[in-house]
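Engineer: Next comes the structure file my_file-v4.txt, holding compact mmCIF, C-alpha atoms and all ligand atoms.
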# COMPACT_ATOMS: atom_id res chain seq x y z
CA MET A 24 12.28 21.40 -1.27
CA CYS A 25 15.17 21.06 -3.64
CA ASP A 26 14.17 20.03 -7.13
CA THR A 27 17.32 21.14 -8.90
CA CYS A 28 20.43 20.46 -6.87
CA GLY A 29 22.06 19.00 -9.96
CA CYS A 30 23.80 16.11 -8.23
CA GLY A 31 22.04 13.59 -10.47
CA ASP A 32 22.47 10.75 -8.00
CA PRO A 33 19.55 8.39 -8.67
CA HIS A 34 19.75 7.04 -5.12
CA LEU A 35 19.23 10.49 -3.72
CA HIS A 36 16.61 11.52 -6.24
CA PRO A 37 13.40 9.58 -6.37
CA HIS A 38 11.61 12.54 -8.04
CA ASP A 39 10.59 10.62 -11.13
CA HIS A 40 8.93 7.91 -9.15
CA ALA A 41 7.01 10.43 -7.13
CA HIS A 42 5.70 12.06 -10.28
CA ASP A 43 4.83 8.76 -11.90
CA HIS A 44 2.85 7.86 -8.89
CA ALA A 45 0.81 11.05 -8.89
CA HIS A 46 0.16 10.63 -12.57
CA ASP A 47 -0.91 7.00 -12.32
CA HIS A 48 -3.23 7.80 -9.53
CA THR A 49 -5.18 10.38 -11.51
CA HIS A 50 -5.15 8.25 -14.59
CA HIS A 51 -6.58 5.19 -12.88
CA HIS A 52 -9.22 7.23 -11.30
CA GLU A 53 -10.38 8.80 -14.53
CA HIS A 54 -10.78 5.45 -16.17
CA GLY A 55 -12.05 3.57 -13.18
CA HIS A 56 -14.81 5.92 -12.23
CA GLY A 57 -15.59 7.36 -15.65
CA HIS A 58 -18.74 9.37 -15.23
CA SER A 59 -19.25 9.36 -11.51
CA HIS A 60 -17.53 12.68 -10.91
CA ASP A 61 -19.35 15.34 -9.01
CA HIS A 62 -20.58 18.12 -11.20
CA VAL A 63 -19.93 20.58 -8.48
CA HIS A 64 -20.90 23.75 -10.31
CA ASP A 65 -23.78 22.24 -12.20
CA HIS A 66 -26.35 23.49 -9.77
CA ALA A 67 -29.58 25.41 -10.07
CA HIS A 68 -28.69 29.10 -10.05
CA GLY A 69 -27.82 28.69 -13.69
CA HIS A 70 -25.28 31.36 -14.66
CA ALA A 71 -21.54 32.04 -15.08
CA HIS A 72 -19.82 28.86 -13.80
CA PRO A 73 -18.87 26.30 -16.44
CA PRO A 74 -19.44 22.66 -15.50
CA ALA A 75 -16.54 21.19 -13.59
CA ARG A 76 -15.33 17.72 -12.81
CA THR A 77 -13.32 16.61 -9.81
CA ILE A 78 -10.03 14.75 -10.02
CA GLU A 79 -9.05 12.97 -6.83
CA VAL A 80 -5.37 13.43 -5.95
CA GLN A 81 -4.90 12.53 -2.24
CA LYS A 82 -1.24 13.49 -2.03
CA PRO A 83 0.49 14.83 1.10
CA ALA A 84 2.48 18.01 0.54
CA LEU A 85 5.43 16.31 2.21
CA ALA A 86 5.27 13.11 0.14
CA LEU A 87 8.67 13.76 -1.38
CA ASN A 88 10.29 14.55 1.97
CA GLN A 89 8.75 11.36 3.30
CA ARG A 90 10.40 9.35 0.53
CA TYR A 91 13.81 10.80 1.38
CA ALA A 92 13.18 10.27 5.08
CA ASP A 93 12.29 6.61 4.55
CA GLN A 94 15.38 6.24 2.39
CA ASN A 95 17.55 7.85 5.09
CA ARG A 96 16.02 5.56 7.70
CA GLY A 97 16.92 2.51 5.60
CA TRP A 98 20.44 3.81 5.15
CA PHE A 99 20.84 4.48 8.90
CA ARG A 100 19.62 0.98 9.68
CA ALA A 101 22.02 -0.57 7.19
CA LYS A 102 24.91 1.33 8.81
CA GLY A 103 23.81 0.37 12.32
CA LEU A 104 23.27 4.00 13.35
CA THR A 105 20.86 5.34 15.93
CA VAL A 106 19.90 8.83 14.86
CA PHE A 107 18.71 11.72 17.03
CA ASN A 108 17.04 14.87 15.68
CA LEU A 109 17.71 17.81 18.05
CA LEU A 110 15.19 20.63 17.91
CA SER A 111 14.90 23.94 19.76
CA SER A 112 14.87 27.71 19.50
CA PRO A 113 18.16 29.35 18.55
CA GLY A 114 20.48 29.48 21.55
CA SER A 115 18.85 26.80 23.72
CA GLY A 116 22.14 24.97 23.98
CA LYS A 117 22.06 22.32 21.23
CA THR A 118 25.65 22.77 20.09
CA THR A 119 26.98 23.06 23.64
CA LEU A 120 25.20 19.85 24.63
CA LEU A 121 26.65 18.11 21.58
CA GLU A 122 30.17 19.36 22.34
CA HIS A 123 29.93 17.68 25.74
CA THR A 124 28.31 14.55 24.36
CA LEU A 125 30.77 14.03 21.51
CA ARG A 126 33.65 14.35 23.99
CA ALA A 127 32.12 12.01 26.56
CA VAL A 128 30.60 9.28 24.40
CA PRO A 129 32.70 7.36 21.89
CA GLY A 130 31.26 6.55 18.46
CA CYS A 131 29.30 9.76 17.87
CA ALA A 132 29.04 12.01 14.82
CA ALA A 133 26.97 15.10 14.04
CA VAL A 134 25.24 16.92 11.24
CA VAL A 135 24.41 20.52 12.06
CA GLY A 136 22.06 22.89 10.27
CA ASP A 137 22.20 26.68 10.34
CA LEU A 138 21.14 29.40 7.94
CA GLN A 139 24.75 30.57 7.57
CA THR A 140 28.33 29.81 8.76
CA GLU A 141 30.40 26.71 9.53
CA ASN A 142 30.79 27.85 13.16
CA ASP A 143 28.86 25.05 14.84
CA ALA A 144 30.47 22.28 12.78
CA ASN A 145 33.88 23.76 13.65
CA ARG A 146 32.98 23.73 17.35
CA LEU A 147 31.88 20.10 17.06
CA ARG A 148 34.90 18.97 15.02
CA ALA A 149 37.12 20.41 17.75
CA THR A 150 35.89 17.54 19.92
CA GLY A 151 37.60 15.11 17.53
CA ALA A 152 34.33 13.60 16.30
CA PRO A 153 33.21 13.77 12.65
CA ALA A 154 30.82 16.67 12.00
CA VAL A 155 29.43 18.27 8.89
CA GLN A 156 27.61 21.58 8.46
CA ILE A 157 24.51 22.11 6.35
CA THR A 158 23.96 25.78 5.54
CA THR A 159 20.37 26.18 4.49
CA GLY A 160 20.54 29.78 3.21
CA ALA A 161 17.03 31.10 3.64
CA THR A 162 15.39 27.82 4.64
CA CYS A 163 14.30 27.71 8.25
CA HIS A 164 14.49 23.92 8.73
CA LEU A 165 16.39 20.84 7.59
CA ASP A 166 14.62 18.46 5.26
CA ALA A 167 15.40 14.82 4.58
CA HIS A 168 16.91 15.62 1.20
CA MET A 169 19.51 18.01 2.67
CA VAL A 170 20.44 15.37 5.22
CA ALA A 171 20.79 12.73 2.50
CA HIS A 172 23.31 14.99 0.77
CA ALA A 173 25.30 15.62 3.94
CA LEU A 174 25.68 11.95 4.90
CA PRO A 175 28.34 10.99 2.32
CA LYS A 176 30.55 13.79 3.68
CA LEU A 177 30.87 12.09 7.07
CA ASN A 178 33.42 9.43 7.92
CA LEU A 179 31.19 7.02 9.79
CA ASP A 180 33.79 4.33 10.57
CA GLY A 181 33.12 3.21 14.12
CA VAL A 182 30.16 5.58 14.50
CA THR A 183 27.01 4.21 16.12
CA ARG A 184 25.18 7.41 17.06
CA LEU A 185 24.42 10.28 14.76
CA PHE A 186 23.08 13.60 16.04
CA ILE A 187 21.31 15.98 13.69
CA GLU A 188 21.20 19.50 15.12
CA ASN A 189 18.28 21.13 13.33
CA VAL A 190 18.04 24.82 12.44
CA GLY A 191 17.05 26.80 15.54
CA ASN A 192 13.31 27.20 15.04
CA LEU A 193 10.34 25.82 16.94
CA VAL A 194 7.94 25.86 13.99
CA CYS A 195 8.97 24.44 10.62
CA PRO A 196 11.38 21.63 11.63
CA ALA A 197 8.48 19.89 13.37
CA SER A 198 6.93 18.94 10.04
CA TYR A 199 10.01 17.37 8.46
CA ASP A 200 10.84 13.76 9.21
CA LEU A 201 14.57 13.32 8.58
CA GLY A 202 14.55 9.56 9.02
CA GLU A 203 15.67 9.84 12.66
CA ASN A 204 14.95 7.24 15.30
CA ARG A 205 14.28 9.68 18.10
CA ARG A 206 13.34 13.32 18.54
CA VAL A 207 14.85 15.47 21.26
CA VAL A 208 13.38 18.91 21.95
CA LEU A 209 15.39 21.34 24.11
CA LEU A 210 13.90 24.08 26.23
CA SER A 211 16.28 26.30 28.17
CA VAL A 212 15.21 27.73 31.53
CA THR A 213 15.68 31.25 30.15
CA GLU A 214 12.92 30.84 27.54
CA GLY A 215 9.89 30.84 29.83
CA GLU A 216 7.92 27.91 31.20
CA ASP A 217 4.99 28.35 28.83
CA LYS A 218 6.95 28.11 25.59
CA PRO A 219 5.77 24.53 24.98
CA GLN A 220 2.18 25.81 25.10
CA LYS A 221 3.00 28.39 22.46
CA TYR A 222 4.67 25.82 20.16
CA PRO A 223 2.78 22.60 20.90
CA VAL A 224 3.33 20.99 17.48
CA ILE A 225 7.08 20.54 17.88
CA PHE A 226 6.67 19.13 21.38
CA HIS A 227 3.95 16.68 20.43
CA ASN A 228 6.29 14.19 18.75
CA ALA A 229 9.18 14.54 21.19
CA ASP A 230 10.65 11.35 22.62
CA LEU A 231 12.70 13.38 25.07
CA VAL A 232 12.37 16.94 26.32
CA LEU A 233 15.59 18.34 27.76
CA ILE A 234 15.31 21.32 30.08
CA THR A 235 18.70 22.95 29.55
CA LYS A 236 20.84 25.56 31.34
CA CYS A 237 19.47 24.48 34.73
CA ASP A 238 22.42 26.25 36.37
CA LEU A 239 20.58 29.48 35.48
CA ALA A 240 17.21 28.38 36.84
CA GLU A 241 17.43 30.28 40.10
CA ALA A 242 18.80 33.45 38.55
CA VAL A 243 15.90 33.69 36.09
CA GLY A 244 13.22 32.53 38.56
CA PHE A 245 12.40 29.41 36.57
CA ASP A 246 9.17 27.79 37.81
CA ARG A 247 10.10 24.13 37.57
CA ASP A 248 6.73 22.65 38.57
CA LYS A 249 4.87 24.79 36.09
CA ALA A 250 7.28 23.83 33.30
CA LEU A 251 6.99 20.12 34.06
CA THR A 252 3.20 20.29 34.12
CA ILE A 253 3.07 22.08 30.79
CA ILE A 254 5.57 19.76 29.13
CA ARG A 255 3.65 16.68 30.27
CA GLN A 256 0.54 18.19 28.75
CA VAL A 257 1.94 18.94 25.29
CA ALA A 258 4.40 16.04 25.10
CA PRO A 259 2.55 13.22 26.86
CA ARG A 260 4.84 10.47 25.59
CA ALA A 261 8.13 12.24 26.20
CA GLN A 262 10.62 11.54 28.92
CA ILE A 263 11.88 14.72 30.62
CA LEU A 264 15.44 15.37 31.80
CA GLU A 265 16.93 18.45 33.44
CA VAL A 266 20.49 19.24 32.44
CA SER A 267 23.23 21.81 32.55
CA ALA A 268 26.20 21.68 30.24
CA ARG A 269 27.86 24.21 32.54
CA THR A 270 27.74 22.15 35.78
CA GLY A 271 27.31 18.69 34.29
CA GLN A 272 23.92 18.21 35.98
CA GLY A 273 21.89 15.47 34.29
CA MET A 274 24.62 14.56 31.82
CA ALA A 275 24.84 10.99 33.13
CA GLU A 276 21.07 10.56 32.74
CA TRP A 277 21.21 12.03 29.23
CA GLN A 278 23.95 9.58 28.26
CA ALA A 279 22.01 6.72 29.78
CA TRP A 280 18.94 7.75 27.78
CA LEU A 281 21.02 7.71 24.60
CA SER A 282 21.65 4.01 25.08
CA SER A 283 18.19 3.15 26.36
CA MET B 4 8.85 30.69 3.89
CA HIS B 5 7.69 27.32 5.07
CA GLU B 6 4.10 27.69 3.82
CA LEU B 7 5.39 29.03 0.50
CA SER B 8 7.43 25.91 -0.24
CA LEU B 9 4.62 23.60 0.86
CA MET B 10 2.04 25.48 -1.20
CA SER B 11 4.27 25.42 -4.28
CA GLN B 12 4.47 21.63 -3.85
CA LEU B 13 0.66 21.41 -3.62
CA LEU B 14 0.33 23.58 -6.73
CA ALA B 15 2.84 21.44 -8.62
CA ASP B 16 0.87 18.31 -7.71
CA ALA B 17 -2.37 20.01 -8.78
CA THR B 18 -0.86 21.10 -12.10
CA ALA B 19 0.41 17.58 -12.79
CA ALA B 20 -3.00 16.08 -12.02
CA ALA B 21 -4.76 18.65 -14.26
CA GLU B 22 -2.70 17.52 -17.27
CA GLY B 23 -2.76 20.90 -18.96
CA ALA B 24 -6.32 21.90 -18.04
CA PRO B 25 -6.95 25.15 -16.20
CA ILE B 26 -7.67 24.53 -12.52
CA HIS B 27 -10.92 25.86 -11.06
CA ALA B 28 -10.35 24.80 -7.49
CA LEU B 29 -7.96 22.97 -5.16
CA LYS B 30 -9.23 21.15 -2.11
CA VAL B 31 -6.57 20.96 0.59
CA ARG B 32 -6.91 19.25 3.94
CA VAL B 33 -4.99 20.81 6.82
CA GLY B 34 -4.83 19.66 10.43
CA PRO B 35 -3.72 21.57 13.52
CA LEU B 36 -0.67 19.34 14.01
CA SER B 37 0.58 19.87 10.46
CA GLY B 38 2.53 22.88 11.70
CA VAL B 39 0.99 25.00 8.97
CA VAL B 40 -1.16 28.05 9.53
CA PRO B 41 -4.22 28.13 7.21
CA GLU B 42 -4.03 31.92 6.74
CA ALA B 43 -0.37 31.65 5.74
CA LEU B 44 -1.29 28.91 3.26
CA ARG B 45 -3.91 31.19 1.71
CA PHE B 46 -1.43 34.01 1.48
CA ALA B 47 1.13 31.71 -0.17
CA PHE B 48 -1.54 30.48 -2.59
CA GLU B 49 -2.51 33.99 -3.67
CA SER B 50 1.09 34.99 -4.19
CA LEU B 51 2.02 31.87 -6.17
CA ILE B 52 -0.89 31.40 -8.60
CA PRO B 53 -0.51 34.33 -11.04
CA GLY B 54 0.60 33.06 -14.43
CA THR B 55 -0.07 29.39 -13.59
CA PRO B 56 -2.93 27.07 -14.66
CA ALA B 57 -4.38 27.80 -11.21
CA ALA B 58 -4.38 31.59 -11.80
CA ASN B 59 -8.16 31.82 -11.29
CA ALA B 60 -8.52 28.92 -8.90
CA ARG B 61 -10.34 28.85 -5.61
CA LEU B 62 -8.61 27.35 -2.56
CA ASP B 63 -10.94 25.23 -0.45
CA LEU B 64 -9.31 24.50 2.90
CA GLU B 65 -10.78 21.65 4.85
CA GLU B 66 -9.59 22.20 8.40
CA THR B 67 -9.65 18.89 10.24
CA PRO B 68 -9.90 18.54 14.01
CA LEU B 69 -7.28 16.90 16.17
CA ARG B 70 -8.59 13.41 16.91
CA PHE B 71 -7.38 10.84 19.41
CA HIS B 72 -8.28 7.33 20.46
CA CYS B 73 -7.85 6.54 24.14
CA LEU B 74 -5.87 3.34 24.64
CA ARG B 75 -7.25 2.90 28.15
CA CYS B 76 -11.03 3.46 27.84
CA HIS B 77 -11.25 3.36 24.01
CA ALA B 78 -13.02 6.71 23.75
CA ASP B 79 -12.62 8.60 20.47
CA TYR B 80 -12.38 12.33 20.99
CA ALA B 81 -11.45 15.62 19.39
CA THR B 82 -9.38 18.12 21.32
CA PRO B 83 -7.65 21.47 20.86
CA LEU B 84 -3.92 21.68 20.22
CA GLY B 85 -1.91 21.25 23.41
CA LEU B 86 -4.59 19.40 25.38
CA TYR B 87 -4.42 15.70 24.67
CA ASN B 88 -5.75 13.98 27.80
CA CYS B 89 -8.74 11.72 27.37
CA PRO B 90 -11.76 13.74 28.52
CA GLN B 91 -13.44 10.57 29.73
CA CYS B 92 -10.76 8.87 31.85
CA GLY B 93 -7.88 11.35 31.90
CA ALA B 94 -5.33 9.00 30.30
CA THR B 95 -2.43 10.75 28.58
CA ASP B 96 -1.20 8.04 26.25
CA SER B 97 -3.86 8.32 23.57
CA GLU B 98 -3.15 7.49 19.98
CA LEU B 99 -3.29 10.21 17.34
CA ARG B 100 -5.99 9.39 14.77
CA GLY B 101 -6.02 12.57 12.70
CA GLY B 102 -5.07 16.22 12.65
CA ASN B 103 -1.53 16.16 11.27
CA GLU B 104 -2.56 16.19 7.59
CA LEU B 105 -1.49 18.60 4.92
CA GLU B 106 -2.58 17.15 1.60
CA LEU B 107 -4.07 17.91 -1.74
CA ILE B 108 -7.36 16.03 -1.76
CA SER B 109 -8.70 16.88 -5.20
CA ILE B 110 -8.87 19.50 -7.91
CA GLU B 111 -11.67 20.77 -10.12
CA VAL B 112 -11.11 21.24 -13.83
CA PRO B 113 -13.52 22.13 -16.63
CA ASP B 114 -15.78 19.24 -17.59
CA HIS B 115 -14.96 19.31 -21.30
CA VAL B 116 -11.52 20.25 -22.55
N1 LIG A 301 24.79 28.91 31.67
C1 LIG A 301 24.70 28.05 30.67
N2 LIG A 301 24.88 28.48 29.41
C2 LIG A 301 24.77 27.58 28.39
C3 LIG A 301 24.51 26.22 28.64
N3 LIG A 301 24.45 25.58 27.44
C4 LIG A 301 24.69 26.52 26.50
N4 LIG A 301 24.88 27.73 27.06
C5 LIG A 301 25.18 29.01 26.38
O1 LIG A 301 24.07 29.37 25.56
C6 LIG A 301 24.51 29.99 24.36
C7 LIG A 301 23.91 29.27 23.14
O2 LIG A 301 24.36 27.93 23.13
P1 LIG A 301 24.46 27.04 21.81
O3 LIG A 301 24.92 25.71 22.24
O4 LIG A 301 25.25 27.74 20.76
O5 LIG A 301 22.92 27.01 21.37
P2 LIG A 301 22.22 26.46 20.02
O6 LIG A 301 21.89 27.66 19.19
O7 LIG A 301 20.97 25.77 20.48
O8 LIG A 301 23.18 25.53 19.35
C8 LIG A 301 26.02 29.94 24.40
O9 LIG A 301 26.49 31.18 24.84
C9 LIG A 301 26.32 28.85 25.41
O10 LIG A 301 27.54 29.05 26.08
C10 LIG A 301 24.35 25.78 30.00
O11 LIG A 301 24.09 24.61 30.31
N5 LIG A 301 24.44 26.75 30.96
MG MG A 302 23.90 25.54 17.32
ZN ZN A 303 10.67 26.01 7.21
ZN ZN A 304 -9.91 7.33 28.14
Step by step, read the file and then write its structure as structure tokens.

Structural biologist:
Amino acid sequence: MCDTCGCGDPHLHPHDHAHDHAHDHTHHHEHGHGHSHDHVHDHAHGHAHPPARTIEVQKPALALNQRYADQNRGWFRAKGLTVFNLLSSPGSGKTTLLEHTLRAVPGCAAVVGDLQTENDANRLRATGAPAVQITTGATCHLDAHMVAHALPKLNLDGVTRLFIENVGNLVCPASYDLGENRRVVLLSVTEGEDKPQKYPVIFHNADLVLITKCDLAEAVGFDRDKALTIIRQVAPRAQILEVSARTGQGMAEWQAWLSS
Amino acid sequence: MHELSLMSQLLADATAAAEGAPIHALKVRVGPLSGVVPEALRFAFESLIPGTPAANARLDLEETPLRFHCLRCHADYATPLGLYNCPQCGATDSELRGGNELELISIEVPDHV
């Protein structure tokens, strides 16, 4: 997480509050419960360990990301935006799907994350829709703070739907709420039917699972029934759609889902 | 990469709570849906602590189970990752009740400093 981006924008940087909170918490506890702390090492075997006291902290590792995510969510709501977080392995077809969607559906914009290059944002801008690239360097996921910084770079006049294409990775992005309204996880037919079983965490919170590149299903011997069974198991709440950006299969259903 | 940045956040929170005291132990709760691998957290911990107030600290990982509440038959159950159906009635729309945590629960510091 970025502690030192140097932008100094107080709206983007609730760090101080987060620290105050942690501090207060400990402080209260120490005074409130004075001498009731466990003396964990004060037990019978009587050597080496000095007496210890326990300080309760109870702070999620992602507390700061959560603050940015909540802030983003408020900002999206104020702007009247519905926001979609797109997650998948590299090469599952996120950018291609977005190219089609931005052309077909008016009022869309995109934020796209990659480790390096502006390539995907360039592809998306070629559709005429506003798009901005986030290059994460070595970081394998987008976090809510990076997204907060990208938002002012987009011209959102007339935009009602914002797509966030996450860094291609089925592990880390799962843990980072960006403030989105809905999560879309893509699985291309070339990746193997059991991939959702190998990466169940990212599928668990999906609102929609898109099986992509269905035009290649026959060529790669994709076992559709097996894939559907597995997806329903790891993503019990998700809707499932089968699409191909190449043939246009399922694109109407995808667009209908966007407005549902 | 991922576990490193999360562990450095946990260590920063521990250091702030210790208010200058050396840290004997950190208790961290981690659930299967957190997306974090306990072994990778340990590795990150060992590589980050040298030269910090937690240099000699112990990492106590409390691994929590994945817990659900069935909205149909109201059973509470624990289940492995990837298998969420209610074992009692088979319903698939259970509510998550625990297992996505990654948090610093408490730290131990010397009694008198
Ligand atoms: N056959 C086929 N190829 C596709 C489809 N969608 C994307 N691709 C190809 O898959 C590759 C990766 O796509 P891209 O959209 O860049 O994936 P991303 O990394 O998830 O953004 C490109 O060569 C695309 O042309 C599809 O529906 N059918
Ligand atoms: Mg892409
Ligand atoms: Zn990551
Ligand atoms: Zn049940």

Engineer: Excluding Glu6 (chain B) and residues on its chain fewer than 2 positions from it, collect all residues at most 8 Å away from it, counting only C-alpha atoms, and give them as a PyMOL selection string.

Structural biologist: chain B and resi 4+8-10+39-40+43-44+47

Engineer: Just C-alpha atoms for this one: save the residues we selected as a CSV table (one decimal), keeping the file's coordinate frame.

Structural biologist:
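Heads up, here's the output in again-v4.csv:
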chain,number,residue,atom,x,y,z
B,4,MET,CA,8.8,30.7,3.9
B,8,SER,CA,7.4,25.9,-0.2
B,9,LEU,CA,4.6,23.6,0.9
B,10,MET,CA,2.0,25.5,-1.2
B,39,VAL,CA,1.0,25.0,9.0
B,40,VAL,CA,-1.2,28.0,9.5
B,43,ALA,CA,-0.4,31.6,5.7
B,44,LEU,CA,-1.3,28.9,3.3
B,47,ALA,CA,1.1,31.7,-0.2

Engineer: Taking all atoms listed in the file into account, which residues are within 6 Å of ligand ZN 304 (chain A), as a count of residues only?

Structural biologist: 10

Engineer: Taking into account all atoms listed in the file, which residue in the set A:Lys102, A:Arg205, A:Arg90, A:Arg247 is nearest to Gly181 (chain A)?

Structural biologist: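 Smallest separation from Gly181 (chain A) among the options: A:Lys102.
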
Engineer: Show which residues sit within 10 Å of region 256-269 of chain A, as a PDB file with C-alpha atoms, in the frame of the given file. Count all atoms listed in the file, and ignore same-chain residues fewer than 3 positions away.

Structural biologist:
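The resulting file, result19.pdb, is shown below:
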ATOM      1  CA  GLY A 116      22.140  24.970  23.980  1.00  0.00           C
ATOM      2  CA  LYS A 117      22.060  22.320  21.230  1.00  0.00           C
ATOM      3  CA  THR A 119      26.980  23.060  23.640  1.00  0.00           C
ATOM      4  CA  LEU A 120      25.200  19.850  24.630  1.00  0.00           C
ATOM      5  CA  LEU A 121      26.650  18.110  21.580  1.00  0.00           C
ATOM      6  CA  GLU A 122      30.170  19.360  22.340  1.00  0.00           C
ATOM      7  CA  HIS A 123      29.930  17.680  25.740  1.00  0.00           C
ATOM      8  CA  THR A 124      28.310  14.550  24.360  1.00  0.00           C
ATOM      9  CA  ARG A 206      13.340  13.320  18.540  1.00  0.00           C
ATOM     10  CA  VAL A 207      14.850  15.470  21.260  1.00  0.00           C
ATOM     11  CA  VAL A 208      13.380  18.910  21.950  1.00  0.00           C
ATOM     12  CA  LEU A 209      15.390  21.340  24.110  1.00  0.00           C
ATOM     13  CA  LEU A 210      13.900  24.080  26.230  1.00  0.00           C
ATOM     14  CA  SER A 211      16.280  26.300  28.170  1.00  0.00           C
ATOM     15  CA  VAL A 212      15.210  27.730  31.530  1.00  0.00           C
ATOM     16  CA  PRO A 219       5.770  24.530  24.980  1.00  0.00           C
ATOM     17  CA  GLN A 220       2.180  25.810  25.100  1.00  0.00           C
ATOM     18  CA  LYS A 221       3.000  28.390  22.460  1.00  0.00           C
ATOM     19  CA  TYR A 222       4.670  25.820  20.160  1.00  0.00           C
ATOM     20  CA  PRO A 223       2.780  22.600  20.900  1.00  0.00           C
ATOM     21  CA  VAL A 224       3.330  20.990  17.480  1.00  0.00           C
ATOM     22  CA  ILE A 225       7.080  20.540  17.880  1.00  0.00           C
ATOM     23  CA  PHE A 226       6.670  19.130  21.380  1.00  0.00           C
ATOM     24  CA  HIS A 227       3.950  16.680  20.430  1.00  0.00           C
ATOM     25  CA  ASN A 228       6.290  14.190  18.750  1.00  0.00           C
ATOM     26  CA  ALA A 229       9.180  14.540  21.190  1.00  0.00           C
ATOM     27  CA  ASP A 230      10.650  11.350  22.620  1.00  0.00           C
ATOM     28  CA  LEU A 231      12.700  13.380  25.070  1.00  0.00           C
ATOM     29  CA  VAL A 232      12.370  16.940  26.320  1.00  0.00           C
ATOM     30  CA  LEU A 233      15.590  18.340  27.760  1.00  0.00           C
ATOM     31  CA  ILE A 234      15.310  21.320  30.080  1.00  0.00           C
ATOM     32  CA  THR A 235      18.700  22.950  29.550  1.00  0.00           C
ATOM     33  CA  LYS A 236      20.840  25.560  31.340  1.00  0.00           C
ATOM     34  CA  CYS A 237      19.470  24.480  34.730  1.00  0.00           C
ATOM     35  CA  ASP A 238      22.420  26.250  36.370  1.00  0.00           C
ATOM     36  CA  LEU A 239      20.580  29.480  35.480  1.00  0.00           C
ATOM     37  CA  ALA A 240      17.210  28.380  36.840  1.00  0.00           C
ATOM     38  CA  ARG A 247      10.100  24.130  37.570  1.00  0.00           C
ATOM     39  CA  ALA A 250       7.280  23.830  33.300  1.00  0.00           C
ATOM     40  CA  LEU A 251       6.990  20.120  34.060  1.00  0.00           C
ATOM     41  CA  THR A 252       3.200  20.290  34.120  1.00  0.00           C
ATOM     42  CA  ILE A 253       3.070  22.080  30.790  1.00  0.00           C
ATOM     43  CA  GLN A 272      23.920  18.210  35.980  1.00  0.00           C
ATOM     44  CA  GLY A 273      21.890  15.470  34.290  1.00  0.00           C
ATOM     45  CA  MET A 274      24.620  14.560  31.820  1.00  0.00           C
ATOM     46  CA  ALA A 275      24.840  10.990  33.130  1.00  0.00           C
ATOM     47  CA  GLU A 276      21.070  10.560  32.740  1.00  0.00           C
ATOM     48  CA  TRP A 277      21.210  12.030  29.230  1.00  0.00           C
ATOM     49  CA  TRP A 280      18.940   7.750  27.780  1.00  0.00           C
TER      50      TRP A 280
ATOM     51  CA  LEU B  84      -3.920  21.680  20.220  1.00  0.00           C
ATOM     52  CA  GLY B  85      -1.910  21.250  23.410  1.00  0.00           C
ATOM     53  CA  LEU B  86      -4.590  19.400  25.380  1.00  0.00           C
ATOM     54  CA  TYR B  87      -4.420  15.700  24.670  1.00  0.00           C
ATOM     55  CA  ASN B  88      -5.750  13.980  27.800  1.00  0.00           C
ATOM     56  CA  ALA B  94      -5.330   9.000  30.300  1.00  0.00           C
ATOM     57  CA  THR B  95      -2.430  10.750  28.580  1.00  0.00           C
ATOM     58  CA  ASP B  96      -1.200   8.040  26.250  1.00  0.00           C
ATOM     59  CA  SER B  97      -3.860   8.320  23.570  1.00  0.00           C
TER      60      SER B  97
END

Engineer: Within 12 Å of ligand ZN 303 (chain A), counting all atoms listed in the file, which protein or nucleic acid residues do you find, written as a PyMOL selection string?

Structural biologist: (chain A and resi 24+137-138+159-166+189-199) or (chain B and resi 4-9+38-39)

Engineer: Restricted to C-alpha atoms, what would the selected residues look like written as a tab-separated table (two decimals), in the frame of the given file?

Structural biologist:
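Done, and the output landed in part_39.tsv:
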chain	number	residue	atom	x	y	z
A	24	MET	CA	12.28	21.40	-1.27
A	137	ASP	CA	22.20	26.68	10.34
A	138	LEU	CA	21.14	29.40	7.94
A	159	THR	CA	20.37	26.18	4.49
A	160	GLY	CA	20.54	29.78	3.21
A	161	ALA	CA	17.03	31.10	3.64
A	162	THR	CA	15.39	27.82	4.64
A	163	CYS	CA	14.30	27.71	8.25
A	164	HIS	CA	14.49	23.92	8.73
A	165	LEU	CA	16.39	20.84	7.59
A	166	ASP	CA	14.62	18.46	5.26
A	189	ASN	CA	18.28	21.13	13.33
A	190	VAL	CA	18.04	24.82	12.44
A	191	GLY	CA	17.05	26.80	15.54
A	192	ASN	CA	13.31	27.20	15.04
A	193	LEU	CA	10.34	25.82	16.94
A	194	VAL	CA	7.94	25.86	13.99
A	195	CYS	CA	8.97	24.44	10.62
A	196	PRO	CA	11.38	21.63	11.63
A	197	ALA	CA	8.48	19.89	13.37
A	198	SER	CA	6.93	18.94	10.04
A	199	TYR	CA	10.01	17.37	8.46
B	4	MET	CA	8.85	30.69	3.89
B	5	HIS	CA	7.69	27.32	5.07
B	6	GLU	CA	4.10	27.69	3.82
B	7	LEU	CA	5.39	29.03	0.50
B	8	SER	CA	7.43	25.91	-0.24
B	9	LEU	CA	4.62	23.60	0.86
B	38	GLY	CA	2.53	22.88	11.70
B	39	VAL	CA	0.99	25.00	8.97

Engineer: When you count all atoms listed in the file, which of these residues is closest to chain A: B:Ala21, B:Ile26, B:Ala81, B:Ile108?

Structural biologist: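 Of B:Ala21, B:Ile26, B:Ala81, B:Ile108, the one nearest chain A is B:Ile108, counting all atoms listed in the file.
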
Engineer: Quick check, in Å to one decimal: how far apart do CA of Ile157 (chain A) and CA of Val134 (chain A) lie?

Structural biologist: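 It comes out at 7.2 Å.
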
Engineer: Provide the CA of Arg70 (chain B) to CA of Pro35 (chain B) distance in Å, to one decimal place.

Structural biologist: 10.1 Å
